[in-house]
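Working notes, beginning with the structure itself.
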Amino acid sequence: FPVIGVYFQKIESDALRAKHGLERDHKGIMIRAIEPTSCSHGVLEKGDVLLEFEGTEIACDGTVPFRKGERIAFGHLISQKFIGDEAKVKVLRNGESLDLTLKLGGVTRKIPLGMDDDPPYLVVGGLVFTAVTVLYLRSEFGDDFERNSPVRLLSSMYSMAEHEDQQVVVLSQILASEATTGYEPDEFSNLTVQSFNGQPVRNLKELARLVDACDSDFLEFEVGEHYKELLVLERKVVAQATEEIMKQHSIPAPSNFDIA
């Protein structure tokens, strides 16, 4: 089913309604956040009051008429549509009523919520990187991964992606090699990769491209969340170390995806 990708607030408070120019007979809900990858991005705005969806008035508690004498969350109206359908909405923006059109679709999550193929990987001199997926979380933390996974990873599962190709890239583990000497494997696992040589990392393929194109003497990875650490490898030993790691651990290739 499609989604419109907004987070809203009920507007049953008289003071809240007055502040945003709603008359006593106005209904609707206030949009407080918009998913950057949703159909609402660039059409709706934070602070808009969503008055109607496809001609159906939305109450201040976010419900719409259902069966006789019953009401239901307005998301029911969206669920009757298909991805690619257009939907007419009416909003109140800065006191002005606007009729807008949404082309319904989905949203991108940093961590996909569905099942997936084998998680992608990238080996760089003994550092093993991957993009977090549900299958990866299950393999690392068991079937009850929503209880056992680190909060920092779980919070990403339900957070907004800024771009459609955004992923949560983590340093999964460190394999002992000449290139990784001095780094304790137990201290570096499942840490989010923030940047490579000072450049932010959006997804695993981008990290692979940055590593492949690197011509400096050192490869510097910034990992972690609030407290970030650096892992620095000498480029001159990385290629040989990667080959040795692949042979030692029967890894068929440095990555299982095309970086082109």
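Following the order of the structure tokens, chains are lettered A, B, ..., residues in each are numbered from 1, and ligands are numbered from 1.
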
Close residues, Glu96 of chain A itself excluded, 12 Å, only C-alpha atoms, min 3 positions apart in chain, as a PyMOL selection string: chain A and resi 20-23+48-51+90-93+99

Just-selected residues, N, CA, C and O atoms written as an mmCIF file, in the first residue's frame:
```cif
data_model
loop_
_atom_site.group_PDB
_atom_site.id
_atom_site.type_symbol
_atom_site.label_atom_id
_atom_site.label_comp_id
_atom_site.auth_asym_id
_atom_site.auth_seq_id
_atom_site.Cartn_x
_atom_site.Cartn_y
_atom_site.Cartn_z
ATOM 1 N N HIS A 20 -2.798 28.910 14.691
ATOM 2 C CA HIS A 20 -2.589 28.570 13.290
ATOM 3 C C HIS A 20 -3.757 28.946 12.391
ATOM 4 O O HIS A 20 -3.883 28.439 11.273
ATOM 5 N N GLY A 21 -4.585 29.868 12.864
ATOM 6 C CA GLY A 21 -5.598 30.473 12.007
ATOM 7 C C GLY A 21 -6.799 29.621 11.690
ATOM 8 O O GLY A 21 -7.462 29.850 10.676
ATOM 9 N N LEU A 22 -7.094 28.634 12.526
ATOM 10 C CA LEU A 22 -8.260 27.795 12.279
ATOM 11 C C LEU A 22 -9.508 28.413 12.909
ATOM 12 O O LEU A 22 -9.493 28.818 14.070
ATOM 13 N N GLU A 23 -10.549 28.474 12.108
ATOM 14 C CA GLU A 23 -11.831 28.930 12.630
ATOM 15 C C GLU A 23 -12.455 27.805 13.457
ATOM 16 O O GLU A 23 -12.016 26.657 13.400
ATOM 17 N N ASP A 48 1.514 22.761 7.815
ATOM 18 C CA ASP A 48 0.254 22.694 7.074
ATOM 19 C C ASP A 48 -0.802 21.984 7.917
ATOM 20 O O ASP A 48 -0.491 21.056 8.666
ATOM 21 N N VAL A 49 -2.039 22.413 7.766
ATOM 22 C CA VAL A 49 -3.148 21.697 8.380
ATOM 23 C C VAL A 49 -3.862 20.934 7.275
ATOM 24 O O VAL A 49 -4.375 21.529 6.330
ATOM 25 N N LEU A 50 -3.832 19.619 7.368
ATOM 26 C CA LEU A 50 -4.472 18.772 6.359
ATOM 27 C C LEU A 50 -5.963 18.711 6.654
ATOM 28 O O LEU A 50 -6.390 18.141 7.666
ATOM 29 N N LEU A 51 -6.757 19.327 5.764
ATOM 30 C CA LEU A 51 -8.194 19.453 5.979
ATOM 31 C C LEU A 51 -8.986 18.311 5.350
ATOM 32 O O LEU A 51 -9.935 17.799 5.947
ATOM 33 N N LYS A 90 -6.589 18.895 0.524
ATOM 34 C CA LYS A 90 -6.794 20.318 0.817
ATOM 35 C C LYS A 90 -6.083 20.627 2.116
ATOM 36 O O LYS A 90 -6.238 19.902 3.101
ATOM 37 N N VAL A 91 -5.269 21.688 2.103
ATOM 38 C CA VAL A 91 -4.535 22.077 3.304
ATOM 39 C C VAL A 91 -4.763 23.550 3.597
ATOM 40 O O VAL A 91 -5.118 24.336 2.710
ATOM 41 N N LEU A 92 -4.549 23.903 4.834
ATOM 42 C CA LEU A 92 -4.555 25.300 5.256
ATOM 43 C C LEU A 92 -3.117 25.676 5.541
ATOM 44 O O LEU A 92 -2.464 25.067 6.393
ATOM 45 N N ARG A 93 -2.591 26.653 4.810
ATOM 46 C CA ARG A 93 -1.203 27.080 4.956
ATOM 47 C C ARG A 93 -1.169 28.596 5.139
ATOM 48 O O ARG A 93 -1.580 29.342 4.258
ATOM 49 N N ASP A 99 -5.546 23.682 -2.648
ATOM 50 C CA ASP A 99 -5.853 22.362 -3.200
ATOM 51 C C ASP A 99 -4.599 21.837 -3.885
ATOM 52 O O ASP A 99 -4.089 22.460 -4.821
#
```

Quick one: everything within 10 Å of segment 191-202 of chain A, counting only C-alpha atoms, minus sequence neighbours fewer than 6 positions away in the same chain. Send it as a JSON list (two decimals) with C-alpha atoms, in the first residue's frame.
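Once everything was written out, this is selection_39.json:
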```
[["chain", "number", "residue", "atom", "x", "y", "z"],
["A", 129, "PHE", "CA", 31.78, -3.47, 6.21],
["A", 130, "THR", "CA", 28.12, -4.12, 5.47],
["A", 131, "ALA", "CA", 24.81, -2.30, 5.12],
["A", 132, "VAL", "CA", 22.39, -3.05, 7.94],
["A", 152, "ARG", "CA", 21.56, 2.98, 17.98],
["A", 153, "LEU", "CA", 20.89, 0.45, 15.20],
["A", 162, "GLU", "CA", 17.30, 11.69, 3.53],
["A", 163, "HIS", "CA", 17.94, 10.01, 0.16],
["A", 165, "ASP", "CA", 19.90, 5.29, -1.73],
["A", 166, "GLN", "CA", 20.79, 5.97, 1.90],
["A", 167, "GLN", "CA", 21.92, 3.01, 4.01],
["A", 168, "VAL", "CA", 23.27, 2.44, 7.51],
["A", 169, "VAL", "CA", 26.82, 1.29, 6.81],
["A", 170, "VAL", "CA", 28.58, -0.44, 9.69],
["A", 171, "LEU", "CA", 31.99, -1.88, 10.43],
["A", 172, "SER", "CA", 30.80, -5.41, 11.08],
["A", 173, "GLN", "CA", 34.09, -6.87, 12.30],
["A", 208, "ALA", "CA", 33.57, 1.09, -1.98],
["A", 210, "LEU", "CA", 35.77, 6.11, -2.33],
["A", 211, "VAL", "CA", 38.18, 3.38, -1.21],
["A", 214, "CYS", "CA", 41.74, 6.74, -2.94],
["A", 216, "SER", "CA", 46.46, 9.09, -0.52],
["A", 218, "PHE", "CA", 46.31, 6.42, 4.34],
["A", 219, "LEU", "CA", 42.73, 5.21, 4.46],
["A", 220, "GLU", "CA", 40.90, 6.82, 7.36],
["A", 221, "PHE", "CA", 37.51, 5.55, 8.53],
["A", 222, "GLU", "CA", 35.52, 7.45, 11.15],
["A", 223, "VAL", "CA", 33.16, 5.10, 13.02],
["A", 224, "GLY", "CA", 30.80, 5.30, 15.96],
["A", 225, "GLU", "CA", 27.89, 7.44, 17.06],
["A", 228, "LYS", "CA", 33.58, 8.63, 17.14],
["A", 229, "GLU", "CA", 36.85, 6.78, 16.64],
["A", 230, "LEU", "CA", 39.29, 6.61, 13.75],
["A", 231, "LEU", "CA", 40.70, 3.55, 12.04],
["A", 232, "VAL", "CA", 43.63, 4.32, 9.76]]
```

Pairwise distance for atom CA of Phe82 of chain A and atom CA of Gly105 of chain A, rounded to one decimal in Å: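 Rounded to one decimal, the two atoms are 7.9 Å apart.
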
Pick from A:Leu204, A:Cys60, A:Ile78, A:Ala213 nearest to Val123 of chain A, counting only C-alpha atoms: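 The shortest atom-to-atom distance to Val123 of chain A comes from A:Leu204.
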
Nearest-residue call for His41 of chain A, choices A:Leu102, A:Ile259, A:Val134, A:Ile111, using only C-alpha atoms: A:Leu102

All strand (DSSP E) positions in segment 23-201 of chain A, as an NGL selection string: :A and (29-34 or 49-53 or 56-57 or 63-65 or 71-73 or 86-93 or 96-103 or 121-124 or 127-131 or 169-174 or 191-196 or 199-200)

Proximity to Tyr121 of chain A - best of A:Met157, A:Leu44, A:Val107, A:Ala253, only C-alpha atoms: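 Distance minimum relative to Tyr121 of chain A lands on A:Ala253.
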
Tyr183 of chain A surroundings by only C-alpha atoms, 12 Å radius, close-in-sequence under 3 positions cut, as an MDAnalysis selection string: chainID A and resid 126:127 173:180 186:189 229:233

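One finds atom CA of Gly142 of chain A at 24.4 Å from atom CA of Ser250 of chain A.
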
Segment 29-132 of chain A: residues DSSP assigns to helix (DSSP H, G or I), reported as a PyMOL selection string: chain A and resi 75-79

Atom CA of Pro119 of chain A to atom CA of Asn256 of chain A, distance in Å rounded to a single decimal: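 Pair atom CA of Pro119 of chain A / atom CA of Asn256 of chain A returns 8.9 Å.
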
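With only C-alpha atoms as the atoms that count, the residue of A:Ala87, A:Tyr227, A:Leu137, A:Glu243 with the shortest distance to Pro112 of chain A is A:Leu137.
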
Contacts of Leu77 of chain A at 9 Å (only C-alpha atoms; same-chain gap of 3+ positions) as JSON, numbers by chain: {"A": [53, 54, 56, 64, 73, 74, 80, 81]}
